[in-house]
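Text of entry15.cif, listed as mmCIF, C-alpha atoms:
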data_coords
loop_
_atom_site.group_PDB
_atom_site.id
_atom_site.type_symbol
_atom_site.label_atom_id
_atom_site.label_comp_id
_atom_site.auth_asym_id
_atom_site.auth_seq_id
_atom_site.Cartn_x
_atom_site.Cartn_y
_atom_site.Cartn_z
ATOM 1 C CA MET A 1306 131.319 34.600 9.466
ATOM 2 C CA PRO A 1307 127.627 35.302 8.622
ATOM 3 C CA ASP A 1308 128.390 35.022 4.891
ATOM 4 C CA GLU A 1309 130.024 31.642 5.408
ATOM 5 C CA TYR A 1310 127.060 30.436 7.519
ATOM 6 C CA GLU A 1311 124.600 31.671 4.887
ATOM 7 C CA SER A 1312 126.551 29.933 2.118
ATOM 8 C CA ILE A 1313 126.591 26.604 4.015
ATOM 9 C CA THR A 1314 122.860 26.892 4.797
ATOM 10 C CA ASN A 1315 121.974 27.598 1.153
ATOM 11 C CA ARG A 1316 124.028 24.614 -0.045
ATOM 12 C CA ALA A 1317 122.362 22.367 2.561
ATOM 13 C CA ILE A 1318 118.877 23.513 1.540
ATOM 14 C CA LYS A 1319 119.648 22.959 -2.140
ATOM 15 C CA ALA A 1320 120.956 19.456 -1.397
ATOM 16 C CA MET A 1321 117.874 18.433 0.628
ATOM 17 C CA ASN A 1322 115.302 16.204 -0.992
ATOM 18 C CA VAL A 1323 112.160 17.063 0.951
ATOM 19 C CA PRO A 1324 108.666 16.287 -0.401
ATOM 20 C CA GLY A 1325 107.104 19.438 -1.801
ATOM 21 C CA MET A 1326 110.458 20.928 -2.729
ATOM 22 C CA LEU A 1327 111.626 21.027 -6.301
ATOM 23 C CA PRO A 1328 115.177 20.181 -7.318
ATOM 24 C CA GLY A 1329 117.437 23.044 -6.343
ATOM 25 C CA GLY A 1330 115.528 23.920 -3.163
ATOM 26 C CA GLY A 1331 112.440 25.652 -4.561
ATOM 27 C CA LEU A 1332 109.049 24.985 -3.016
ATOM 28 C CA GLY A 1333 106.585 23.128 -5.232
ATOM 29 C CA GLY A 1334 103.597 25.369 -4.665
ATOM 30 C CA ARG A 1335 105.433 28.716 -4.493
ATOM 31 C CA GLY A 1336 106.212 29.689 -8.035
ATOM 32 C CA ASN A 1337 109.268 28.704 -10.002
ATOM 33 C CA ALA A 1338 111.979 29.956 -7.656
ATOM 34 C CA GLY A 1339 115.097 27.846 -7.903
ATOM 35 C CA ILE A 1340 114.149 26.225 -11.239
ATOM 36 C CA ASP A 1341 116.036 26.860 -14.411
ATOM 37 C CA PRO A 1342 113.972 28.394 -17.247
ATOM 38 C CA GLN A 1343 113.934 25.132 -19.241
ATOM 39 C CA GLN A 1344 112.299 23.198 -16.366
ATOM 40 C CA ALA A 1345 109.837 26.023 -15.725
ATOM 41 C CA GLN A 1346 108.802 25.990 -19.388
ATOM 42 C CA GLU A 1347 108.418 22.186 -19.357
ATOM 43 C CA GLN A 1348 106.247 22.330 -16.237
ATOM 44 C CA GLN A 1349 104.100 25.063 -17.792
ATOM 45 C CA MET A 1350 103.638 22.984 -20.967
ATOM 46 C CA ILE A 1351 102.672 19.915 -18.921
ATOM 47 C CA LYS A 1352 100.157 22.027 -17.004
ATOM 48 C CA TYR A 1353 98.617 23.364 -20.239
ATOM 49 C CA MET A 1354 98.441 19.858 -21.754
ATOM 50 C CA GLN A 1355 96.700 18.493 -18.662
ATOM 51 C CA MET A 1356 94.222 21.374 -18.702
ATOM 52 C CA ALA A 1357 93.499 20.753 -22.392
ATOM 53 C CA MET A 1358 93.005 17.012 -21.900
ATOM 54 C CA GLU A 1359 90.642 17.591 -18.978
ATOM 55 C CA SER A 1360 88.446 20.050 -20.878
ATOM 56 C CA CYS A 1361 85.030 18.947 -22.099
ATOM 57 C CA PRO A 1362 85.595 19.852 -25.771
ATOM 58 C CA ALA A 1363 88.810 17.807 -25.868
ATOM 59 C CA LYS A 1364 87.142 14.819 -24.183
ATOM 60 C CA THR A 1365 84.244 15.063 -26.636
ATOM 61 C CA VAL A 1366 86.533 15.177 -29.678
ATOM 62 C CA ILE A 1367 88.683 12.312 -28.398
ATOM 63 C CA ALA A 1368 85.653 10.119 -27.650
ATOM 64 C CA GLY A 1369 84.084 10.927 -31.020
ATOM 65 C CA THR A 1370 87.306 10.131 -32.861
ATOM 66 C CA MET A 1371 87.842 6.888 -30.976
ATOM 67 C CA GLY A 1372 84.204 5.931 -31.551
ATOM 68 C CA PHE A 1373 84.569 6.685 -35.260
ATOM 69 C CA GLY A 1374 87.644 4.454 -35.482
ATOM 70 C CA LEU A 1375 86.080 1.611 -33.521
ATOM 71 C CA GLY A 1376 82.858 1.913 -35.476
ATOM 72 C CA SER A 1377 84.674 1.716 -38.804
ATOM 73 C CA LEU A 1378 86.446 -1.485 -37.731
ATOM 74 C CA PHE A 1379 83.207 -2.931 -36.377
ATOM 75 C CA GLY A 1380 81.317 -2.023 -39.564
ATOM 76 C CA LEU A 1381 84.056 -3.497 -41.735
ATOM 77 C CA PHE A 1382 83.985 -6.736 -39.772
ATOM 78 C CA MET A 1383 80.192 -6.999 -39.770
ATOM 79 C CA SER A 1384 79.878 -6.222 -43.478
ATOM 80 C CA SER A 1385 82.387 -8.928 -44.307
ATOM 81 C CA MET A 1386 80.142 -11.413 -42.482
ATOM 82 C CA ARG A 1387 77.148 -10.389 -44.573
ATOM 83 C CA TYR A 1388 77.073 -12.203 -47.859
ATOM 84 C CA ASP A 1389 74.479 -13.137 -50.392
ATOM 85 C CA THR A 1390 74.139 -16.768 -51.416
ATOM 86 C CA PRO A 1391 73.381 -17.642 -55.012
ATOM 87 C CA LEU A 1392 70.019 -19.008 -53.800
ATOM 88 C CA THR A 1393 68.537 -15.539 -53.221
ATOM 89 C CA PRO A 1394 67.482 -13.391 -56.199
ATOM 90 C CA GLN A 1395 69.977 -10.646 -55.273
ATOM 91 C CA GLY A 1396 72.742 -13.210 -54.730
ATOM 92 C CA ALA A 1397 72.021 -14.888 -58.066
ATOM 93 C CA GLU A 1398 72.303 -11.506 -59.771
ATOM 94 C CA ILE A 1399 75.672 -10.822 -58.126
ATOM 95 C CA TYR A 1400 76.851 -14.374 -58.862
ATOM 96 C CA LYS A 1401 76.360 -13.804 -62.604
ATOM 97 C CA LEU A 1402 78.747 -10.809 -62.617
ATOM 98 C CA PRO A 1403 82.466 -11.223 -63.397
ATOM 99 C CA VAL A 1404 84.704 -11.773 -60.349
ATOM 100 C CA ARG A 1405 86.326 -8.344 -60.597
ATOM 101 C CA GLN A 1406 82.944 -6.626 -60.575
ATOM 102 C CA GLN A 1407 81.779 -8.828 -57.679
ATOM 103 C CA LEU A 1408 84.850 -7.752 -55.680
ATOM 104 C CA ARG A 1409 84.334 -4.090 -56.571
ATOM 105 C CA GLN A 1410 80.700 -4.242 -55.507
ATOM 106 C CA GLY A 1411 81.623 -6.105 -52.290
ATOM 107 C CA PHE A 1412 84.302 -3.560 -51.352
ATOM 108 C CA LYS A 1413 81.921 -0.665 -52.034
ATOM 109 C CA GLU A 1414 79.331 -2.244 -49.746
ATOM 110 C CA MET A 1415 81.959 -2.857 -47.061
ATOM 111 C CA GLY A 1416 83.086 0.776 -47.244
ATOM 112 C CA ARG A 1417 79.506 2.041 -47.087
ATOM 113 C CA ALA A 1418 78.683 -0.132 -44.056
ATOM 114 C CA SER A 1419 81.960 0.749 -42.355
ATOM 115 C CA PHE A 1420 81.417 4.498 -42.773
ATOM 116 C CA SER A 1421 77.810 4.288 -41.589
ATOM 117 C CA SER A 1422 78.801 2.363 -38.469
ATOM 118 C CA ALA A 1423 81.717 4.748 -37.849
ATOM 119 C CA LYS A 1424 79.411 7.786 -37.948
ATOM 120 C CA ASN A 1425 76.993 6.187 -35.493
ATOM 121 C CA PHE A 1426 79.677 5.076 -33.033
ATOM 122 C CA GLY A 1427 81.418 8.445 -33.250
ATOM 123 C CA MET A 1428 78.206 10.330 -32.595
ATOM 124 C CA VAL A 1429 77.285 8.150 -29.603
ATOM 125 C CA GLY A 1430 80.810 8.414 -28.145
ATOM 126 C CA ALA A 1431 80.980 12.180 -28.536
ATOM 127 C CA MET A 1432 77.448 12.721 -27.219
ATOM 128 C CA PHE A 1433 77.944 10.509 -24.157
ATOM 129 C CA SER A 1434 81.397 11.841 -23.290
ATOM 130 C CA GLY A 1435 80.426 15.485 -23.715
ATOM 131 C CA THR A 1436 77.259 15.043 -21.668
ATOM 132 C CA GLU A 1437 79.077 13.192 -18.892
ATOM 133 C CA CYS A 1438 81.806 15.841 -18.756
ATOM 134 C CA CYS A 1439 79.257 18.676 -18.539
ATOM 135 C CA ILE A 1440 77.335 16.886 -15.793
ATOM 136 C CA GLU A 1441 80.556 16.206 -13.894
ATOM 137 C CA GLY A 1442 81.546 19.859 -14.152
ATOM 138 C CA PHE A 1443 78.102 21.025 -13.054
ATOM 139 C CA ARG A 1444 77.928 18.634 -10.075
ATOM 140 C CA ALA A 1445 81.646 18.954 -9.199
ATOM 141 C CA LYS A 1446 81.698 15.232 -8.411
ATOM 142 C CA ASN A 1447 83.156 12.198 -10.159
ATOM 143 C CA ASP A 1448 80.844 9.312 -9.308
ATOM 144 C CA LEU A 1449 78.523 6.711 -10.792
ATOM 145 C CA ALA A 1450 75.597 9.141 -11.071
ATOM 146 C CA ASN A 1451 77.351 11.154 -13.797
ATOM 147 C CA GLY A 1452 77.558 8.159 -16.131
ATOM 148 C CA VAL A 1453 73.991 7.101 -15.395
ATOM 149 C CA ALA A 1454 72.613 10.587 -16.088
ATOM 150 C CA ALA A 1455 74.721 10.955 -19.246
ATOM 151 C CA GLY A 1456 73.573 7.517 -20.403
ATOM 152 C CA CYS A 1457 69.940 8.434 -19.850
ATOM 153 C CA ILE A 1458 70.287 11.714 -21.741
ATOM 154 C CA THR A 1459 72.209 10.101 -24.601
ATOM 155 C CA GLY A 1460 69.875 7.104 -24.912
ATOM 156 C CA GLY A 1461 66.808 9.313 -24.776
ATOM 157 C CA ALA A 1462 68.190 11.720 -27.363
ATOM 158 C CA LEU A 1463 69.130 8.914 -29.755
ATOM 159 C CA ALA A 1464 65.672 7.333 -29.535
ATOM 160 C CA ALA A 1465 63.679 10.597 -29.451
ATOM 161 C CA LYS A 1466 62.732 10.405 -33.151
ATOM 162 C CA ALA A 1467 60.798 7.190 -32.514
ATOM 163 C CA GLY A 1468 58.548 8.803 -29.911
ATOM 164 C CA PRO A 1469 58.362 9.335 -26.153
ATOM 165 C CA GLN A 1470 58.017 5.653 -25.269
ATOM 166 C CA ALA A 1471 61.127 4.770 -27.284
ATOM 167 C CA ALA A 1472 62.982 7.692 -25.703
ATOM 168 C CA ALA A 1473 62.109 6.390 -22.220
ATOM 169 C CA VAL A 1474 63.257 2.880 -23.104
ATOM 170 C CA GLY A 1475 66.458 4.277 -24.666
ATOM 171 C CA CYS A 1476 67.074 6.366 -21.567
ATOM 172 C CA ALA A 1477 66.613 3.410 -19.230
ATOM 173 C CA GLY A 1478 68.626 1.005 -21.372
ATOM 174 C CA PHE A 1479 71.583 3.284 -21.955
ATOM 175 C CA ALA A 1480 71.595 4.384 -18.281
ATOM 176 C CA ALA A 1481 71.622 0.755 -17.095
ATOM 177 C CA PHE A 1482 74.427 -0.127 -19.519
ATOM 178 C CA SER A 1483 76.425 2.939 -18.439
ATOM 179 C CA ALA A 1484 75.907 2.073 -14.775
ATOM 180 C CA ALA A 1485 77.085 -1.505 -15.301
ATOM 181 C CA ILE A 1486 80.210 -0.468 -17.217
ATOM 182 C CA ASP A 1487 81.029 2.370 -14.817
ATOM 183 C CA TYR A 1488 80.509 0.112 -11.800
ATOM 184 C CA TYR A 1489 82.827 -2.509 -13.275
ATOM 185 C CA MET A 1490 85.499 0.082 -14.150
ATOM 186 C CA ARG A 1491 85.425 1.518 -10.606
ATOM 187 C CA MET A 1492 85.854 -1.850 -8.913
ATOM 188 C CA PRO A 1493 89.079 -2.351 -6.942
ATOM 189 C CA GLY A 1494 91.811 -4.339 -8.692
ATOM 190 C CA ASP A 1495 91.215 -7.654 -6.892
ATOM 191 C CA ASP A 1496 87.471 -7.728 -7.552
ATOM 192 C CA GLY A 1497 87.951 -7.334 -11.314
ATOM 193 C CA ALA A 1498 89.423 -10.833 -11.573
ATOM 194 C CA SER A 1499 86.556 -12.539 -9.742
ATOM 195 C CA PRO A 1500 83.209 -13.137 -11.452
ATOM 196 C CA VAL A 1501 80.434 -10.640 -10.727
ATOM 197 C CA ILE A 1502 77.800 -13.311 -10.074
#

Would you mind writing the file's structure down as structure tokens?
Amino acid sequence: MPDEYESITNRAIKAMNVPGMLPGGGLGGRGNAGIDPQQAQEQQMIKYMQMAMESCPAKTVIAGTMGFGLGSLFGLFMSSMRYDTPLTPQGAEIYKLPVRQQLRQGFKEMGRASFSSAKNFGMVGAMFSGTECCIEGFRAKNDLANGVAAGCITGGALAAKAGPQAAAVGCAGFAAFSAAIDYYMRMPGDDGASPVI
């Protein structure tokens, strides 16, 4: 009789769908008991991927890469808007060249401008994201102050070559921009549709 009771109890526990219990009756926070090896391996891989994506080096690389891509598109677009008219001395010189050479020179300039913009955007994205992640890890908080501090550090570092006054202005400007963007991104869903002013 006890074996039959134990068998019925085990089947009932395995059939229950209680929050915190994994399929098959295992408890969510108590190891991988009751999970087949395939599911345990999948859960371990998901855990490792989440840990990697939440690490500061990964966030820095992702932000730098995304900034590089966005900067290249922005630079390509802006360089295509820049053109020389035949009325300027440089434009008159280009206008005298054959069409093929004009196109070659134009594409070279577009590539140069695109790469330059991509480097700048990538550097700013990586610097800001890495700084914000380090500050967040140090403070153990995820709030508006992290973005403001990271913006100040990034803006000050980017403008440091121009002197202390430029570094202070860069710090204040980048911190204010970071605060505005972060504030907007943290707004509840309904407030995002209404105008700020």

Taking the file as shown, what set of residues would the PyMOL selection byres ((chain A and resi 1415) around 10) give back, as a compact mmCIF listing (two decimals) with C-alpha atoms, in the coordinates of the input?
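And here is the file that came out, expr-v2.txt:
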# COMPACT_ATOMS: atom_id res chain seq x y z
CA SER A 1377 84.67 1.72 -38.80
CA GLY A 1380 81.32 -2.02 -39.56
CA LEU A 1381 84.06 -3.50 -41.74
CA PHE A 1382 83.98 -6.74 -39.77
CA MET A 1383 80.19 -7.00 -39.77
CA SER A 1384 79.88 -6.22 -43.48
CA SER A 1385 82.39 -8.93 -44.31
CA MET A 1386 80.14 -11.41 -42.48
CA ARG A 1387 77.15 -10.39 -44.57
CA ARG A 1409 84.33 -4.09 -56.57
CA GLN A 1410 80.70 -4.24 -55.51
CA GLY A 1411 81.62 -6.10 -52.29
CA PHE A 1412 84.30 -3.56 -51.35
CA LYS A 1413 81.92 -0.66 -52.03
CA GLU A 1414 79.33 -2.24 -49.75
CA GLY A 1416 83.09 0.78 -47.24
CA ARG A 1417 79.51 2.04 -47.09
CA ALA A 1418 78.68 -0.13 -44.06
CA SER A 1419 81.96 0.75 -42.36
CA PHE A 1420 81.42 4.50 -42.77
CA SER A 1421 77.81 4.29 -41.59

*Mind telling me what the PyMOL selection byres ((chain A and resi 1355-1370) around 9) catches here, as a list in words?*
Met1350, Ile1351, Lys1352, Tyr1353, Met1354, Met1371, Gly1372, Phe1373, Gly1374, Leu1375, Lys1424, Phe1426, Gly1427, Met1428, Val1429, Gly1430, Ala1431, Met1432, Phe1433, Ser1434, Gly1435, Thr1436, Glu1437, Cys1438, Cys1439 and Gly1442 of chain A

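Near A:Ile1486, within a cut-off of 12 Å and counting only C-alpha atoms, sit the residues Leu1449, Gly1452, Val1453, Gly1456, Phe1479, Ala1480, Ala1481, Phe1482, Met1490, Arg1491, Met1492 and Gly1497 of chain A, with same-chain residues fewer than 4 positions away left out.
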
Could you turn the residues from that selection into a file that holds C-alpha atoms, as a PDB file, keeping the file's coordinate frame?
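See again-v1.pdb below for the written result:
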ATOM      1  CA  LEU A1449      78.523   6.711 -10.792  1.00  0.00           C
ATOM      2  CA  GLY A1452      77.558   8.159 -16.131  1.00  0.00           C
ATOM      3  CA  VAL A1453      73.991   7.101 -15.395  1.00  0.00           C
ATOM      4  CA  GLY A1456      73.573   7.517 -20.403  1.00  0.00           C
ATOM      5  CA  PHE A1479      71.583   3.284 -21.955  1.00  0.00           C
ATOM      6  CA  ALA A1480      71.595   4.384 -18.281  1.00  0.00           C
ATOM      7  CA  ALA A1481      71.622   0.755 -17.095  1.00  0.00           C
ATOM      8  CA  PHE A1482      74.427  -0.127 -19.519  1.00  0.00           C
ATOM      9  CA  MET A1490      85.499   0.082 -14.150  1.00  0.00           C
ATOM     10  CA  ARG A1491      85.425   1.518 -10.606  1.00  0.00           C
ATOM     11  CA  MET A1492      85.854  -1.850  -8.913  1.00  0.00           C
ATOM     12  CA  GLY A1497      87.951  -7.334 -11.314  1.00  0.00           C
TER      13      GLY A1497
END

_As a check of understanding, name the residues that the PyMOL selection byres ((chain A and resi 1475) around 9) selects in the supplied structure, as a ChimeraX atom specification._
/A:1456-1465,1470-1474,1476-1480

Deliver the residues from the most recent selection as a file, using C-alpha atoms, as a CSV table (one decimal), in the frame of the given file.
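The file below, selection-v2.csv, is the result:
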chain,number,residue,atom,x,y,z
A,1456,GLY,CA,73.6,7.5,-20.4
A,1457,CYS,CA,69.9,8.4,-19.8
A,1458,ILE,CA,70.3,11.7,-21.7
A,1459,THR,CA,72.2,10.1,-24.6
A,1460,GLY,CA,69.9,7.1,-24.9
A,1461,GLY,CA,66.8,9.3,-24.8
A,1462,ALA,CA,68.2,11.7,-27.4
A,1463,LEU,CA,69.1,8.9,-29.8
A,1464,ALA,CA,65.7,7.3,-29.5
A,1465,ALA,CA,63.7,10.6,-29.5
A,1470,GLN,CA,58.0,5.7,-25.3
A,1471,ALA,CA,61.1,4.8,-27.3
A,1472,ALA,CA,63.0,7.7,-25.7
A,1473,ALA,CA,62.1,6.4,-22.2
A,1474,VAL,CA,63.3,2.9,-23.1
A,1476,CYS,CA,67.1,6.4,-21.6
A,1477,ALA,CA,66.6,3.4,-19.2
A,1478,GLY,CA,68.6,1.0,-21.4
A,1479,PHE,CA,71.6,3.3,-22.0
A,1480,ALA,CA,71.6,4.4,-18.3

*Do you have the atom CA of A:Asp1448-atom CA of A:Ala1484 distance handy?*
10.3 Å

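Atom pair atom CA of A:Asn1447 / atom CA of A:Ser1483 has a distance of 14.1 Å (rounded to one decimal).
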
*What does the distance from atom CA of A:Leu1378 to atom CA of A:Gly1494 come to in Å, to one decimal?*
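The value is 29.7 Å.
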
*Quick one: of A:Pro1342, A:Pro1493, A:Pro1394, A:Gly1376, who's nearest to A:Ser1422, counting all atoms listed in the file?*
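Going through A:Pro1342, A:Pro1493, A:Pro1394, A:Gly1376 one by one, the smallest distance to A:Ser1422 is for A:Gly1376.
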